[in-house]
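A short worksheet on the structure shown next.
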Amino acid sequence: MNLKNGYFTKAGSRGSNLSSGERQKIAILRAYLKNAPIFIFDEATSVLDKKYESELVKLILKNLKNKVVIMIVHGTDLLNLFDKLIFIDNKKIAGVGDYKTLMDTNKEFKSLYK
């Protein structure tokens with residue numbers, strides 16, 4: 001983030017002086033600082049570029065490894081980073097397992113990668 005006055009930069013009303021990516025990064029940091037036992041991120045990295053998104057998710061998982069992290073994603077790029085996936089298709093749970101297991105056993109999940 002490029003904040004003119006560092007920590008003292010005024011974000012504006014509801015973060016109006018920040019980009020959507022900067023707002024997402026700050027929201028993630030604020031959640032992290034609460035040190036809760038459970039973290040739920042719903043599309044928390046959706047506006048970030050793919051490279052930064054991957055690095056940020058790796059950092060989140062590393063720093064919250066002793067916490068419960070639930071991350072809702074619609075893209076497939078990050079799925080191999082998680083210990084357990086719950087695959088939802090047509091509003092129903094269509095599979096549960098790690099990335100490799102779902103790729104090997106679930107046709108619908110595998111079709112996401114075609």
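All residue names refer to the structure tokens as shown: chains lettered A, B, ... in order, residues numbered from 1 in each chain, ligands numbered from 1 in order.
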Next item on the list: Skip Gly21 (chain A) itself and residues of its chain fewer than 3 positions away, then list as JSON, numbers by chain all residues within 10 Å of it, counting only C-alpha atoms.
Entry: {"A": [1, 18, 24, 25, 26, 27, 44, 45, 46, 47, 48, 49]}
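For region 100-108 of chain A, the non-local neighbours within 12 Å, defined as residues at least 4 positions apart in the same chain or in other chains and counting only C-alpha atoms, are Thr76, Leu79, Asn80, Leu81, Phe82, Asp83, Lys84, Leu85, Ile86, Phe87, Ile88, Asp89, Asn90, Ile93, Ala94, Gly95, Val96, Leu112, Tyr113 and Lys114 of chain A.
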Notebook entry, point to check: Which distance in Å separates CA of Ser111 (chain A) and CA of Met71 (chain A), to one decimal?
Noted result: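 Between CA of Ser111 (chain A) and CA of Met71 (chain A) the gap works out to 21.1 Å.
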Next item on the list: Fewer than 5 positions away in the same chain doesn't count, so skip those; otherwise give me all residues within 12 Å of Pro37 (chain A), counting only C-alpha atoms, as a ChimeraX atom specification.
Entry: /A:31-32,64-70
Next item on the list: From a DSSP pass on the backbone, collect the residues of region 32-106 of chain A flagged as helix (DSSP H, G or I) and hand them back as JSON, numbers by chain.
Entry: {"A": [32, 33, 50, 51, 52, 53, 54, 55, 56, 57, 58, 59, 60, 61, 62, 63, 79, 80, 81, 99, 100, 101, 102, 103, 104, 105]}
Notebook entry, point to check: CA of Gly75 (chain A) and CA of Asn63 (chain A) are how many Å apart?
Noted result: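 Between CA of Gly75 (chain A) and CA of Asn63 (chain A) the gap is 22.4 Å.
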Notebook entry, point to check: CA of Tyr99 (chain A) and CA of Phe39 (chain A) are how many Å apart?
Noted result: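 One can read the CA of Tyr99 (chain A) to CA of Phe39 (chain A) distance as 20.6 Å.
When only C-alpha atoms are used to compute distances to Glu53 (chain A), the closest of the residues A:Ala36, A:Leu78, A:Phe41, A:Ile72 turns out to be A:Leu78.
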Margin query: Quick check for you: according to DSSP on this backbone, which residues of chain A are classed as strand (DSSP E)? Reply as a ChimeraX atom specification.
Written below: /A:38-42,68-72,85-89,92-97
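Using only C-alpha atoms, the smallest distance between any of A:Glu43, A:Lys4, A:His74, A:Phe109 and Gly97 (chain A) comes from A:Phe109.
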